[in-house]
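**Q** Got data-v5.txt for you, compact mmCIF, N, CA and C atoms and all ligand atoms:
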# COMPACT_ATOMS: atom_id res chain seq x y z
N MET J 26 -6.67 13.52 6.71
CA MET J 26 -5.86 12.86 5.68
C MET J 26 -4.41 12.78 6.14
N HIS J 27 -3.97 11.60 6.54
CA HIS J 27 -2.61 11.43 7.05
C HIS J 27 -1.70 10.85 5.98
N GLU J 28 -2.23 10.69 4.78
CA GLU J 28 -1.45 10.06 3.72
C GLU J 28 -0.21 10.85 3.34
N LEU J 29 -0.29 12.18 3.41
CA LEU J 29 0.87 12.98 3.02
C LEU J 29 2.07 12.63 3.90
N GLY J 30 1.85 12.55 5.22
CA GLY J 30 2.93 12.18 6.13
C GLY J 30 3.50 10.81 5.81
N VAL J 31 2.60 9.89 5.48
CA VAL J 31 3.01 8.53 5.15
C VAL J 31 3.86 8.53 3.88
N VAL J 32 3.43 9.28 2.88
CA VAL J 32 4.17 9.32 1.62
C VAL J 32 5.54 9.97 1.82
N ILE J 33 5.60 10.99 2.67
CA ILE J 33 6.89 11.65 2.93
C ILE J 33 7.85 10.65 3.58
N GLU J 34 7.34 9.80 4.47
CA GLU J 34 8.18 8.75 5.08
C GLU J 34 8.67 7.77 4.01
N VAL J 35 7.79 7.41 3.10
CA VAL J 35 8.16 6.50 2.01
C VAL J 35 9.28 7.11 1.17
N VAL J 36 9.13 8.40 0.86
CA VAL J 36 10.13 9.09 0.05
C VAL J 36 11.49 9.05 0.75
N LYS J 37 11.49 9.31 2.07
CA LYS J 37 12.75 9.26 2.84
C LYS J 37 13.38 7.87 2.76
N THR J 38 12.55 6.86 2.94
CA THR J 38 13.05 5.48 2.90
C THR J 38 13.66 5.16 1.54
N VAL J 39 12.95 5.58 0.48
CA VAL J 39 13.43 5.29 -0.87
C VAL J 39 14.74 6.04 -1.15
N GLU J 40 14.82 7.28 -0.70
CA GLU J 40 16.04 8.07 -0.93
C GLU J 40 17.23 7.44 -0.20
N GLU J 41 16.98 6.96 1.00
CA GLU J 41 18.02 6.28 1.76
C GLU J 41 18.50 5.03 1.02
N PHE J 42 17.53 4.25 0.58
CA PHE J 42 17.84 3.04 -0.17
C PHE J 42 18.66 3.38 -1.42
N ALA J 43 18.25 4.44 -2.10
CA ALA J 43 18.92 4.83 -3.34
C ALA J 43 20.36 5.24 -3.06
N ARG J 44 20.54 6.01 -1.97
CA ARG J 44 21.89 6.43 -1.60
C ARG J 44 22.78 5.22 -1.32
N GLU J 45 22.25 4.32 -0.50
CA GLU J 45 23.04 3.14 -0.11
C GLU J 45 23.39 2.26 -1.31
N ASN J 46 22.52 2.25 -2.28
CA ASN J 46 22.73 1.35 -3.43
C ASN J 46 23.19 2.10 -4.68
N ARG J 47 23.56 3.34 -4.49
CA ARG J 47 24.05 4.17 -5.58
C ARG J 47 23.10 4.22 -6.78
N VAL J 48 21.83 4.29 -6.46
CA VAL J 48 20.82 4.45 -7.51
C VAL J 48 20.62 5.95 -7.71
N THR J 49 20.77 6.40 -8.94
CA THR J 49 20.64 7.83 -9.16
C THR J 49 19.39 8.20 -9.96
N ARG J 50 18.82 7.21 -10.64
CA ARG J 50 17.60 7.51 -11.39
C ARG J 50 16.55 6.45 -11.12
N ILE J 51 15.35 6.91 -10.83
CA ILE J 51 14.25 6.01 -10.55
C ILE J 51 13.11 6.31 -11.53
N GLY J 52 12.54 5.25 -12.07
CA GLY J 52 11.47 5.45 -13.05
C GLY J 52 10.09 5.35 -12.42
N ALA J 53 9.94 4.38 -11.51
CA ALA J 53 8.63 4.17 -10.91
C ALA J 53 8.76 3.56 -9.53
N LEU J 54 7.77 3.86 -8.72
CA LEU J 54 7.70 3.32 -7.37
C LEU J 54 6.42 2.50 -7.27
N VAL J 55 6.56 1.28 -6.75
CA VAL J 55 5.38 0.41 -6.61
C VAL J 55 5.08 0.20 -5.14
N LEU J 56 3.89 0.59 -4.73
CA LEU J 56 3.45 0.40 -3.35
C LEU J 56 2.35 -0.64 -3.29
N GLN J 57 2.34 -1.37 -2.18
CA GLN J 57 1.23 -2.30 -1.94
C GLN J 57 0.46 -1.81 -0.73
N ILE J 58 -0.83 -1.65 -0.92
CA ILE J 58 -1.67 -1.15 0.17
C ILE J 58 -2.83 -2.12 0.39
N GLY J 59 -2.93 -2.63 1.60
CA GLY J 59 -4.03 -3.52 1.94
C GLY J 59 -5.34 -2.75 1.99
N GLU J 60 -6.41 -3.35 1.52
CA GLU J 60 -7.68 -2.61 1.48
C GLU J 60 -8.27 -2.41 2.88
N LEU J 61 -7.71 -3.08 3.89
CA LEU J 61 -8.17 -2.86 5.26
C LEU J 61 -7.22 -1.98 6.05
N SER J 62 -6.20 -1.47 5.38
CA SER J 62 -5.29 -0.56 6.07
C SER J 62 -5.97 0.79 6.18
N SER J 63 -5.38 1.69 6.96
CA SER J 63 -6.01 3.01 7.15
C SER J 63 -5.59 3.97 6.04
N ILE J 64 -4.88 3.45 5.06
CA ILE J 64 -4.35 4.33 4.01
C ILE J 64 -5.19 4.21 2.75
N VAL J 65 -5.61 5.34 2.25
CA VAL J 65 -6.49 5.37 1.09
C VAL J 65 -5.66 5.59 -0.18
N PRO J 66 -5.62 4.61 -1.08
CA PRO J 66 -4.79 4.72 -2.29
C PRO J 66 -5.03 6.01 -3.07
N ARG J 67 -6.27 6.41 -3.18
CA ARG J 67 -6.60 7.61 -3.96
C ARG J 67 -5.93 8.85 -3.36
N TYR J 68 -5.90 8.93 -2.04
CA TYR J 68 -5.27 10.08 -1.38
C TYR J 68 -3.75 10.03 -1.57
N VAL J 69 -3.20 8.82 -1.54
CA VAL J 69 -1.76 8.67 -1.76
C VAL J 69 -1.42 9.19 -3.15
N GLU J 70 -2.23 8.81 -4.13
CA GLU J 70 -2.00 9.28 -5.51
C GLU J 70 -2.10 10.80 -5.60
N GLU J 71 -3.08 11.35 -4.88
CA GLU J 71 -3.30 12.80 -4.95
C GLU J 71 -2.14 13.59 -4.37
N CYS J 72 -1.57 13.09 -3.26
CA CYS J 72 -0.52 13.90 -2.62
C CYS J 72 0.88 13.54 -3.11
N TYR J 73 0.97 12.48 -3.93
CA TYR J 73 2.29 12.04 -4.38
C TYR J 73 3.10 13.13 -5.10
N PRO J 74 2.52 13.81 -6.09
CA PRO J 74 3.32 14.81 -6.82
C PRO J 74 3.90 15.88 -5.90
N ALA J 75 3.13 16.33 -4.91
CA ALA J 75 3.62 17.35 -3.98
C ALA J 75 4.69 16.78 -3.06
N ALA J 76 4.49 15.54 -2.62
CA ALA J 76 5.41 14.92 -1.66
C ALA J 76 6.78 14.65 -2.28
N VAL J 77 6.82 14.40 -3.57
CA VAL J 77 8.10 14.03 -4.20
C VAL J 77 8.82 15.22 -4.83
N GLU J 78 8.18 16.37 -4.83
CA GLU J 78 8.78 17.55 -5.43
C GLU J 78 10.14 17.86 -4.79
N GLY J 79 11.14 18.04 -5.62
CA GLY J 79 12.47 18.37 -5.11
C GLY J 79 13.24 17.17 -4.56
N THR J 80 12.68 15.97 -4.67
CA THR J 80 13.37 14.77 -4.20
C THR J 80 13.80 13.93 -5.40
N LEU J 81 14.49 12.85 -5.09
CA LEU J 81 14.93 11.93 -6.13
C LEU J 81 13.74 11.32 -6.89
N LEU J 82 12.58 11.34 -6.24
CA LEU J 82 11.40 10.72 -6.84
C LEU J 82 10.57 11.68 -7.69
N GLU J 83 11.02 12.90 -7.80
CA GLU J 83 10.25 13.86 -8.59
C GLU J 83 10.12 13.36 -10.02
N GLY J 84 8.91 13.40 -10.54
CA GLY J 84 8.66 12.98 -11.92
C GLY J 84 8.52 11.48 -12.11
N THR J 85 8.62 10.72 -11.04
CA THR J 85 8.49 9.26 -11.18
C THR J 85 7.03 8.87 -11.22
N GLU J 86 6.82 7.68 -11.74
CA GLU J 86 5.47 7.15 -11.82
C GLU J 86 5.16 6.40 -10.52
N LEU J 87 3.96 6.58 -10.02
CA LEU J 87 3.52 5.85 -8.83
C LEU J 87 2.55 4.76 -9.25
N ARG J 88 2.85 3.52 -8.83
CA ARG J 88 1.90 2.42 -9.08
C ARG J 88 1.47 1.86 -7.73
N ILE J 89 0.19 1.66 -7.60
CA ILE J 89 -0.33 1.12 -6.34
C ILE J 89 -1.04 -0.20 -6.62
N GLU J 90 -0.64 -1.22 -5.86
CA GLU J 90 -1.34 -2.50 -5.92
C GLU J 90 -2.14 -2.64 -4.64
N VAL J 91 -3.43 -2.86 -4.79
CA VAL J 91 -4.28 -3.02 -3.61
C VAL J 91 -4.36 -4.51 -3.27
N LEU J 92 -4.01 -4.83 -2.02
CA LEU J 92 -4.06 -6.23 -1.58
C LEU J 92 -5.41 -6.50 -0.92
N PRO J 93 -6.01 -7.64 -1.23
CA PRO J 93 -7.35 -7.93 -0.70
C PRO J 93 -7.33 -8.16 0.81
N GLY J 94 -8.40 -7.73 1.46
CA GLY J 94 -8.56 -7.97 2.89
C GLY J 94 -9.29 -9.28 3.10
N ASN J 95 -8.50 -10.35 3.20
CA ASN J 95 -9.09 -11.68 3.32
C ASN J 95 -9.16 -12.15 4.77
N VAL J 96 -10.25 -12.79 5.10
CA VAL J 96 -10.41 -13.35 6.45
C VAL J 96 -10.84 -14.82 6.34
N ARG J 97 -10.61 -15.55 7.45
CA ARG J 97 -11.10 -16.92 7.49
C ARG J 97 -12.16 -17.03 8.57
N CYS J 98 -13.33 -17.51 8.15
CA CYS J 98 -14.46 -17.67 9.06
C CYS J 98 -14.24 -18.88 9.96
N GLU J 99 -14.99 -18.95 11.05
CA GLU J 99 -14.95 -20.11 11.95
C GLU J 99 -15.29 -21.40 11.20
N CYS J 100 -16.11 -21.29 10.16
CA CYS J 100 -16.51 -22.48 9.40
C CYS J 100 -15.44 -22.91 8.40
N GLY J 101 -14.38 -22.11 8.26
CA GLY J 101 -13.29 -22.49 7.37
C GLY J 101 -13.27 -21.75 6.06
N ARG J 102 -14.36 -21.09 5.73
CA ARG J 102 -14.45 -20.36 4.48
C ARG J 102 -13.54 -19.12 4.52
N VAL J 103 -12.78 -18.95 3.43
CA VAL J 103 -11.97 -17.75 3.30
C VAL J 103 -12.71 -16.80 2.36
N TYR J 104 -12.90 -15.57 2.79
CA TYR J 104 -13.60 -14.63 1.93
C TYR J 104 -13.04 -13.22 2.09
N ARG J 105 -13.43 -12.38 1.14
CA ARG J 105 -12.97 -10.99 1.13
C ARG J 105 -13.95 -10.16 1.96
N LEU J 106 -13.42 -9.63 3.05
CA LEU J 106 -14.29 -9.02 4.05
C LEU J 106 -15.18 -7.91 3.50
N LEU J 107 -14.60 -6.96 2.78
CA LEU J 107 -15.37 -5.80 2.33
C LEU J 107 -16.40 -6.18 1.27
N ALA J 108 -16.05 -7.16 0.43
CA ALA J 108 -16.94 -7.55 -0.64
C ALA J 108 -18.15 -8.32 -0.11
N SER J 109 -18.06 -8.83 1.12
CA SER J 109 -19.13 -9.65 1.68
C SER J 109 -19.86 -8.96 2.82
N GLU J 110 -19.65 -7.66 2.94
CA GLU J 110 -20.28 -6.88 4.01
C GLU J 110 -20.02 -7.48 5.39
N LYS J 111 -18.83 -8.03 5.58
CA LYS J 111 -18.34 -8.55 6.86
C LYS J 111 -19.13 -9.75 7.38
N VAL J 112 -19.88 -10.40 6.48
CA VAL J 112 -20.61 -11.60 6.90
C VAL J 112 -20.18 -12.75 6.00
N CYS J 113 -19.96 -13.92 6.59
CA CYS J 113 -19.50 -15.07 5.83
C CYS J 113 -20.55 -15.48 4.79
N PRO J 114 -20.14 -15.61 3.53
CA PRO J 114 -21.10 -16.01 2.49
C PRO J 114 -21.54 -17.46 2.62
N SER J 115 -20.82 -18.29 3.37
CA SER J 115 -21.21 -19.69 3.53
C SER J 115 -22.18 -19.90 4.68
N CYS J 116 -21.81 -19.39 5.87
CA CYS J 116 -22.62 -19.70 7.06
C CYS J 116 -23.31 -18.48 7.66
N GLY J 117 -23.01 -17.29 7.15
CA GLY J 117 -23.64 -16.09 7.68
C GLY J 117 -23.01 -15.59 8.97
N GLY J 118 -21.96 -16.26 9.40
CA GLY J 118 -21.29 -15.89 10.64
C GLY J 118 -20.49 -14.61 10.50
N GLY J 119 -20.25 -13.97 11.63
CA GLY J 119 -19.50 -12.72 11.60
C GLY J 119 -18.22 -12.78 12.40
N ARG J 120 -17.80 -14.00 12.74
CA ARG J 120 -16.53 -14.14 13.47
C ARG J 120 -15.48 -14.68 12.53
N TRP J 121 -14.32 -14.00 12.50
CA TRP J 121 -13.32 -14.39 11.55
C TRP J 121 -11.95 -14.02 12.07
N GLU J 122 -10.96 -14.59 11.42
CA GLU J 122 -9.57 -14.23 11.73
C GLU J 122 -8.97 -13.60 10.48
N LEU J 123 -8.21 -12.54 10.70
CA LEU J 123 -7.66 -11.78 9.57
C LEU J 123 -6.48 -12.51 8.93
N LEU J 124 -6.51 -12.64 7.63
CA LEU J 124 -5.39 -13.28 6.92
C LEU J 124 -4.48 -12.25 6.25
N GLY J 125 -5.05 -11.14 5.84
CA GLY J 125 -4.24 -10.12 5.18
C GLY J 125 -5.10 -8.94 4.82
N GLY J 126 -4.44 -7.82 4.50
CA GLY J 126 -5.21 -6.66 4.07
C GLY J 126 -4.85 -5.38 4.80
N ARG J 127 -3.95 -5.50 5.80
CA ARG J 127 -3.53 -4.29 6.49
C ARG J 127 -2.13 -3.84 6.07
N GLU J 128 -1.64 -4.38 4.99
CA GLU J 128 -0.27 -4.10 4.58
C GLU J 128 -0.09 -2.67 4.07
N PHE J 129 1.10 -2.18 4.27
CA PHE J 129 1.53 -0.98 3.55
C PHE J 129 3.00 -1.18 3.27
N LEU J 130 3.32 -1.50 2.03
CA LEU J 130 4.67 -1.93 1.70
C LEU J 130 5.22 -1.20 0.46
N ILE J 131 6.53 -0.95 0.51
CA ILE J 131 7.21 -0.53 -0.70
C ILE J 131 7.57 -1.82 -1.41
N LYS J 132 6.93 -2.10 -2.52
CA LYS J 132 7.15 -3.38 -3.17
C LYS J 132 8.38 -3.34 -4.08
N GLU J 133 8.45 -2.30 -4.89
CA GLU J 133 9.54 -2.24 -5.85
C GLU J 133 9.93 -0.81 -6.17
N ILE J 134 11.20 -0.64 -6.45
CA ILE J 134 11.69 0.63 -6.98
C ILE J 134 12.24 0.31 -8.36
N LEU J 135 11.60 0.83 -9.38
CA LEU J 135 11.98 0.45 -10.73
C LEU J 135 12.90 1.50 -11.36
N ALA J 136 13.90 1.02 -12.04
CA ALA J 136 14.80 1.94 -12.74
C ALA J 136 14.11 2.52 -13.96
N CYS J 137 14.68 3.55 -14.51
CA CYS J 137 14.10 4.19 -15.70
C CYS J 137 14.10 3.23 -16.89
ZN ZN P 201 -18.61 -19.15 7.76
How would this structure read if it were set down as structure tokens?
Ligand SMILES: [Zn+2]
**A**
Amino acid sequence: MHELGVVIEVVKTVEEFARENRVTRIGALVLQIGELSSIVPRYVEECYPAAVEGTLLEGTELRIEVLPGNVRCECGRVYRLLASEKVCPSCGGGRWELLGGREFLIKEILAC
């Protein structure tokens, strides 16, 4: 589980941003995680309270938006890779190009 290290990096980034922008109170943090990224949202949620303890983010709400892992098949069909068991629902092909789903982004820092 490498999520704790990832969350600690996020906390550092947010604290830096807050310092630079003179933000002293944060209500919620919104992360976007692609469903094909190596980061598991559930683990992020689990380690969040420990990772933010003693930081500016202590007591804040964590919101996670999962971004779909979409691919485009050789036949042109765009589909969600995990929902289709990695096979194109139109032609049955297994060759595709990735359109999105590996993201890991700090989307928003919301004030109280
Ligand atoms: Zn296809």
**Q** Hey, what does DSSP flag as alpha helix (DSSP H) within region 33-129 of chain J? Can you give it to me as a PyMOL selection string?
**A** chain J and resi 33-45+66-77
**Q** Could you make a table, as JSON lines, of the residues of region 39-108 of chain J that have an atom within 5 Å of an atom of region 113-124 of chain J, each with its nearest atom pair and distance in Å to one decimal, counting only N, CA and C atoms, in chain and number order?
**A**
{"residue": "J:Asn95", "atom": "C", "partner": "J:Leu124", "partner_atom": "N", "distance": 3.9}
{"residue": "J:Val96", "atom": "CA", "partner": "J:Leu124", "partner_atom": "N", "distance": 4.1}
{"residue": "J:Arg97", "atom": "C", "partner": "J:Glu122", "partner_atom": "N", "distance": 3.9}
{"residue": "J:Cys98", "atom": "CA", "partner": "J:Trp121", "partner_atom": "CA", "distance": 4.3}
{"residue": "J:Glu99", "atom": "N", "partner": "J:Arg120", "partner_atom": "C", "distance": 4.5}
**Q** Selected residues, N, CA and C atoms, written as a compact mmCIF listing (two decimals), in the frame of the given file, please.
**A**
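Ended up saving to result11.txt:
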# COMPACT_ATOMS: atom_id res chain seq x y z
N ASN J 95 -8.50 -10.35 3.20
CA ASN J 95 -9.09 -11.68 3.32
C ASN J 95 -9.16 -12.15 4.77
N VAL J 96 -10.25 -12.79 5.10
CA VAL J 96 -10.41 -13.35 6.45
C VAL J 96 -10.84 -14.82 6.34
N ARG J 97 -10.61 -15.55 7.45
CA ARG J 97 -11.10 -16.92 7.49
C ARG J 97 -12.16 -17.03 8.57
N CYS J 98 -13.33 -17.51 8.15
CA CYS J 98 -14.46 -17.67 9.06
C CYS J 98 -14.24 -18.88 9.96
N GLU J 99 -14.99 -18.95 11.05
CA GLU J 99 -14.95 -20.11 11.95
C GLU J 99 -15.29 -21.40 11.20
**Q** Residues within 6 Å of Leu87 (chain J), please, as an NGL selection string. Count all atoms listed in the file; anything in the same chain fewer than 4 positions from it doesn't count.
**A** :J and (53-55)
**Q** Skipping near chain neighbours, those fewer than 5 positions away, what residues fall within 5 Å of Gly94 (chain J) using only N, CA and C atoms, listed as an MDAnalysis selection string?
**A** chainID J and resid 60 105:106 125:126
**Q** Choose the residue, out of J:Glu40, J:Glu34, J:Glu45, J:Glu28, that has the smallest atom-to-atom separation from Glu70 (chain J); count only N, CA and C atoms.
**A**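 Using only N, CA and C atoms, the shortest distance to Glu70 (chain J) belongs to J:Glu28.
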**Q** Atom C of Leu82 (chain J) and CA of Leu130 (chain J), how far apart in Å?
**A** 17.6 Å
**Q** What does the distance from CA of Asn46 (chain J) to CA of Leu29 (chain J) come to in Å, to one decimal?
**A** 25.6 Å
**Q** Here is a test: counting only C-alpha atoms and all ligand atoms, which residue of J:Phe42, J:Phe129, J:Tyr104, J:Tyr73 is nearest to ligand ZN 201 (chain P)?
**A**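 Distance minimum relative to ligand ZN 201 (chain P) lands on J:Tyr104.
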**Q** When distances are computed from only C-alpha atoms, which of J:Glu110, J:Glu128, J:Glu133, J:Glu86 shows the smallest separation from Gly52 (chain J)?
**A** J:Glu86
**Q** Can you list every residue in chain J that DSSP puts in strand (DSSP E), as number ranges by chain?
**A** J: 53-59, 86-92, 95-98, 103-105, 121-125, 129-135
**Q** So what do you get for atom N of Glu41 (chain J) versus atom C of Leu92 (chain J), distance-wise?
**A**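 Straight-line distance from atom N of Glu41 (chain J) to atom C of Leu92 (chain J) works out to 26.2 Å.
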**Q** Near region 74-81 of chain J, within 8 Å and counting only N, CA and C atoms, which residues show up once chain neighbours fewer than 5 positions away are dropped, as a PyMOL selection string?
**A** chain J and resi 29+32-33+36+39-40+49-51+69
**Q** Under the rule that all atoms listed in the file are counted, which of J:Leu135, J:Val48, J:Val112, J:Leu107 is the nearest residue to ligand ZN 201 (chain P)?
**A** J:Val112
